[in-house]
Protein chains: 2
Amino acid sequence: MNNDVKLDTHISLAHGNGGRFMRELIDEIFSKYLSNDDLDVQADAASLKIEKTDIMFTTDGFTVQPLEFPGGNIGSLAVHGTTNDLAVSGAIPKYLSLNAFIEEGMEVKQLERIVKSLARSANEVGVKIVAGDTKVLPRGQGGGLYLATTGIGIRDNDLNLSLANIKNKDVMLLSGSVGDHGISVMLAREQFGLSGKVVSDSASVLAYTQALSGLEGVHFMRDPTRGGLATVCHEISRFTKMGIRLQQDKIPVKDPVQSVCEMLGYDPLFLACEGRVVAVVNEVCAEEALSRWKALPDGQDAIIFGELDENITRVVLMTEFGGERILEELEDDPLPRIC
Amino acid sequence: MNNDVKLDTHISLAHGNGGRFMRELIDEIFSKYLSNDDLDVQADAASLKIEKTDIMFTTDGFTVQPLEFPGGNIGSLAVHGTTNDLAVSGAIPKYLSLNAFIEEGMEVKQLERIVKSLARSANEVGVKIVAGDTKVLPRGQGGGLYLATTGIGIRDNDLNLSLANIKNKDVMLLSGSVGDHGISVMLAREQFGLSGKVVSDSASVLAYTQALSGLEGVHFMRDPTRGGLATVCHEISRFTKMGIRLQQDKIPVKDPVQSVCEMLGYDPLFLACEGRVVAVVNEVCAEEALSRWKALPDGQDAIIFGELDENITRVVLMTEFGGERILEELEDDPLPRIC
């Protein structure tokens, strides 16, 4: 190495070559915070004894810019994103693997903050990081840090969720406000020069999905991430070949989020949430489902906001003043690199 | 989009935004080649019914440059890398997830070739791709394509492999020549201006690991990827606190690989292989293990090349002329971005 001082404070290509520097990086950053009895950094694969043979498996990549924002960072996001996909599929998340693509020149202290936060989030959700890999990208060929997490969950037999379960007149619930994550990340970008009061909603939705476990008539859940709530509605409408009516005035949008959206021309319905969940339930259990969500510590904003309608084919927004407008499918990205 | 023609031939940021273009990319490239009865691109997680509750789980990231090289590409490599980690851990690979970080501007035809090759490799190894995610990186913030694959395997109870099993006087086997992958990728880099006769060894090692299943005295296996055969020896020596004697003249290096190494000053022992495996076995079963490997279709170069020695603490290379030299640990990367 040309510069031993830099090696201690910033990532170099030598941290990615399979030799001593890589081992030290893994020991001093990754193993230090992520260690658990199922993580063996000496082994090529983790040996796991799982509870049941019915498992759920999912993966997600993370490229958010900036890497840190109010309410979270790429590390906590990488835990919530993947474990939320397991939760909304009707599983209890158990194990995660972690891939880190680290750009040469990244500050080691920042990497450490992110890994520490990732470890805390994993702990809160109750998942163990049991496998990992690091690669170092040459300076200029990465965005600081890209992560991918892949999760294994155990299927909850009391939650049978599928797009195919959805029926006409089913009711749609939302667990909280939309737009917080998208706007908080956007405001954290220096070029906007706006100081943000908006905090990302990045969080686990497991308490919400588990709150509906065992309740008959719960048909489907999804977390409205990339593409936002509007995209979840379009996915449901496309699959079921039914339309959806949304009550625009019911959908909670926090005041500072609404202000920024109006100022910059964003529609909060298309912005990524990272800690919200949509449930599609039979109309007879809708109130019970809502009351279970409202009883959760952060559940006070949960609402019923829409319903399936086989007599229409589009996603229709019922506006505050009694009007209707068709909610078009997302084409151009309002806010790229949000997750 | 500013340019509809470009969207058809090259990846744009709109392919990553969760909307229609992303769905089309997934349908027309990823689902087209990777489809199987357990992959549901509409679901947040794959629902799997596995055979046993004893599983192995591993992940690997891939940043090879160039993306295509003689004998493989980043897609086939992403299958072999992760399934080989499962195989050398004593598992039968069953399921993979795939993360693709695609740089804006990547040619769609090249992406399609890579996904097609990935699908063929998965099929050959007998694994299904059951979960995936794509992200698009802004132009200049990616190396064309980065992949991560995460695998689930079912434990083979007749292969009990662990560093902790290794004993003094254990014998080390190698399944084939070293340096082929590293040199083939290096020669594929335009800046070297060398046309390559060297073909990567990128392949599944499952036939090799399974050939030793049920044979008593097989203690440990590892595939010598990043850092090469030398690094595997250092890992074993460090963990066991025993030294290793290697017979340098026994280790197969193909002539064109040797020539390039001599010309450019590389040591083939430090170069990544992507289709070789090292086994550490009790001396009494070494000949039987070797004959099983030699009986495999590509196994003719398999050899016994070293042994554990508790009386020394370093990795020692016994040279052709009866000399000895200490094989130092890798510090500087001889060939970065090789996997």
# chains A, B, ... in the order shown; residues from 1 in each chain; ligands from 1
$ select_by_dssp --residues "region 62-169 of chain A" --states "strand (DSSP E)" --output "PyMOL selection string"
chain A and resi 62+68-69+72-73+91-103+128-137+145-155
$ atom_distance --atom1 "CA of Gly143 (chain B)" --atom2 "CA of Met22 (chain A)"
20.8 Å
$ residues_around --residues "Lys116 (chain B)" --least-positions-apart "4" --cutoff "8 Å" --atoms "only C-alpha atoms" --output "number ranges by chain"
B: 33-34, 112, 120
$ residues_around --residues "Arg314 (chain B)" --least-positions-apart "5" --cutoff "8 Å" --atoms "only C-alpha atoms" --output "VMD selection string"
chain B and resid 237 242 to 244 326 to 327
$ atom_distance --atom1 "CA of Ala188 (chain B)" --atom2 "CA of Leu13 (chain B)"
28.4 Å
$ closest_residue --among "B:Glu124, B:Glu68, B:Glu235, B:Glu324" --to "chain A" --atoms "only C-alpha atoms"
B:Glu235
$ select_by_dssp --residues "region 83-279 of chain A" --states "helix (DSSP H, G or I)" --output "PyMOL selection string"
chain A and resi 83-88+108-125+163-165+180-188+190-192+206-211+228-240+248-250+255-264+268-270
$ decode --residues "region 41-77 of chain A" --atoms "N, CA, C and O atoms" --output "compact mmCIF listing (two decimals), in the first residue's frame"
# COMPACT_ATOMS: atom_id res chain seq x y z
N VAL A 41 -17.60 -16.71 10.15
CA VAL A 41 -16.93 -16.07 9.02
C VAL A 41 -15.84 -16.96 8.43
O VAL A 41 -15.32 -16.66 7.37
N GLN A 42 -15.52 -18.06 9.08
CA GLN A 42 -14.53 -18.99 8.54
C GLN A 42 -15.15 -19.98 7.56
O GLN A 42 -14.45 -20.67 6.83
N ALA A 43 -16.48 -20.10 7.57
CA ALA A 43 -17.13 -21.14 6.77
C ALA A 43 -17.60 -20.57 5.44
O ALA A 43 -17.85 -19.38 5.31
N ASP A 44 -17.72 -21.45 4.44
CA ASP A 44 -18.21 -21.04 3.13
C ASP A 44 -19.73 -20.87 3.13
O ASP A 44 -20.27 -20.19 2.27
N ALA A 45 -20.41 -21.51 4.06
CA ALA A 45 -21.86 -21.41 4.14
C ALA A 45 -22.28 -21.61 5.58
O ALA A 45 -21.60 -22.30 6.34
N ALA A 46 -23.40 -20.99 5.95
CA ALA A 46 -23.91 -21.15 7.31
C ALA A 46 -24.74 -22.42 7.37
O ALA A 46 -25.53 -22.70 6.48
N SER A 47 -24.56 -23.16 8.44
CA SER A 47 -25.36 -24.36 8.66
C SER A 47 -26.51 -23.98 9.57
O SER A 47 -26.29 -23.53 10.69
N LEU A 48 -27.73 -24.12 9.09
CA LEU A 48 -28.90 -23.69 9.86
C LEU A 48 -29.83 -24.85 10.12
O LEU A 48 -30.05 -25.70 9.25
N LYS A 49 -30.37 -24.88 11.31
CA LYS A 49 -31.39 -25.88 11.66
C LYS A 49 -32.69 -25.09 11.77
O LYS A 49 -32.88 -24.34 12.73
N ILE A 50 -33.54 -25.18 10.76
CA ILE A 50 -34.74 -24.36 10.77
C ILE A 50 -35.92 -25.11 11.41
O ILE A 50 -35.87 -26.32 11.58
N GLU A 51 -36.95 -24.34 11.77
CA GLU A 51 -38.05 -24.94 12.55
C GLU A 51 -38.97 -25.82 11.72
O GLU A 51 -39.50 -26.82 12.19
N LYS A 52 -39.21 -25.37 10.48
CA LYS A 52 -40.19 -26.07 9.64
C LYS A 52 -39.67 -26.11 8.21
O LYS A 52 -38.79 -25.33 7.84
N THR A 53 -40.24 -26.96 7.40
CA THR A 53 -39.81 -27.06 6.00
C THR A 53 -40.58 -26.11 5.09
O THR A 53 -40.31 -26.04 3.91
N ASP A 54 -41.56 -25.38 5.64
CA ASP A 54 -42.28 -24.35 4.87
C ASP A 54 -41.59 -23.01 5.08
O ASP A 54 -41.76 -22.38 6.13
N ILE A 55 -40.82 -22.59 4.08
CA ILE A 55 -40.09 -21.33 4.27
C ILE A 55 -40.46 -20.32 3.19
O ILE A 55 -41.03 -20.67 2.16
N MET A 56 -40.13 -19.06 3.46
CA MET A 56 -40.26 -18.01 2.46
C MET A 56 -38.85 -17.44 2.25
O MET A 56 -38.04 -17.38 3.18
N PHE A 57 -38.60 -16.98 1.01
CA PHE A 57 -37.23 -16.60 0.62
C PHE A 57 -37.35 -15.36 -0.26
O PHE A 57 -38.15 -15.34 -1.20
N THR A 58 -36.59 -14.32 0.05
CA THR A 58 -36.68 -13.11 -0.77
C THR A 58 -35.37 -12.33 -0.74
O THR A 58 -34.53 -12.56 0.15
N THR A 59 -35.21 -11.44 -1.69
CA THR A 59 -33.98 -10.65 -1.75
C THR A 59 -34.28 -9.24 -2.21
O THR A 59 -35.28 -8.99 -2.90
N ASP A 60 -33.40 -8.30 -1.84
CA ASP A 60 -33.57 -6.91 -2.25
C ASP A 60 -32.20 -6.23 -2.31
O ASP A 60 -31.32 -6.53 -1.51
N GLY A 61 -32.05 -5.34 -3.26
CA GLY A 61 -30.83 -4.55 -3.39
C GLY A 61 -31.08 -3.12 -2.95
O GLY A 61 -32.21 -2.62 -3.07
N PHE A 62 -30.04 -2.44 -2.46
CA PHE A 62 -30.19 -1.10 -1.91
C PHE A 62 -29.11 -0.18 -2.46
O PHE A 62 -27.92 -0.49 -2.37
N THR A 63 -29.56 0.96 -3.02
CA THR A 63 -28.63 1.90 -3.65
C THR A 63 -28.97 3.33 -3.24
O THR A 63 -28.66 4.28 -3.96
N VAL A 64 -29.63 3.50 -2.09
CA VAL A 64 -30.11 4.82 -1.68
C VAL A 64 -28.96 5.85 -1.63
O VAL A 64 -27.83 5.54 -1.25
N GLN A 65 -29.28 7.07 -2.05
CA GLN A 65 -28.36 8.20 -1.97
C GLN A 65 -29.07 9.37 -1.33
O GLN A 65 -30.14 9.75 -1.83
N PRO A 66 -28.55 10.01 -0.29
CA PRO A 66 -27.29 9.67 0.38
C PRO A 66 -27.42 8.40 1.22
O PRO A 66 -28.54 7.93 1.46
N LEU A 67 -26.29 7.91 1.69
CA LEU A 67 -26.29 6.66 2.44
C LEU A 67 -26.94 6.80 3.80
O LEU A 67 -27.43 5.83 4.37
N GLU A 68 -26.94 8.04 4.33
CA GLU A 68 -27.55 8.29 5.65
C GLU A 68 -28.57 9.41 5.51
O GLU A 68 -28.34 10.37 4.77
N PHE A 69 -29.69 9.30 6.19
CA PHE A 69 -30.77 10.29 6.08
C PHE A 69 -31.53 10.29 7.40
O PHE A 69 -31.40 9.35 8.20
N PRO A 70 -32.35 11.33 7.67
CA PRO A 70 -33.07 11.35 8.95
C PRO A 70 -33.99 10.13 9.09
O PRO A 70 -34.80 9.86 8.20
N GLY A 71 -33.80 9.38 10.16
CA GLY A 71 -34.64 8.22 10.40
C GLY A 71 -34.03 6.90 9.95
O GLY A 71 -34.62 5.85 10.16
N GLY A 72 -32.85 6.95 9.35
CA GLY A 72 -32.25 5.68 8.94
C GLY A 72 -31.03 5.85 8.08
O GLY A 72 -30.51 6.95 7.90
N ASN A 73 -30.57 4.74 7.53
CA ASN A 73 -29.46 4.74 6.58
C ASN A 73 -29.58 3.47 5.75
O ASN A 73 -30.49 2.65 5.97
N ILE A 74 -28.67 3.29 4.81
CA ILE A 74 -28.76 2.14 3.89
C ILE A 74 -28.71 0.82 4.65
O ILE A 74 -29.26 -0.18 4.19
N GLY A 75 -28.09 0.83 5.84
CA GLY A 75 -28.00 -0.39 6.64
C GLY A 75 -29.32 -0.79 7.26
O GLY A 75 -29.78 -1.93 7.11
N SER A 76 -29.97 0.14 7.95
CA SER A 76 -31.28 -0.18 8.55
C SER A 76 -32.29 -0.47 7.44
O SER A 76 -33.12 -1.38 7.56
N LEU A 77 -32.20 0.28 6.35
CA LEU A 77 -33.09 0.07 5.21
C LEU A 77 -32.96 -1.34 4.64
O LEU A 77 -33.95 -1.98 4.26
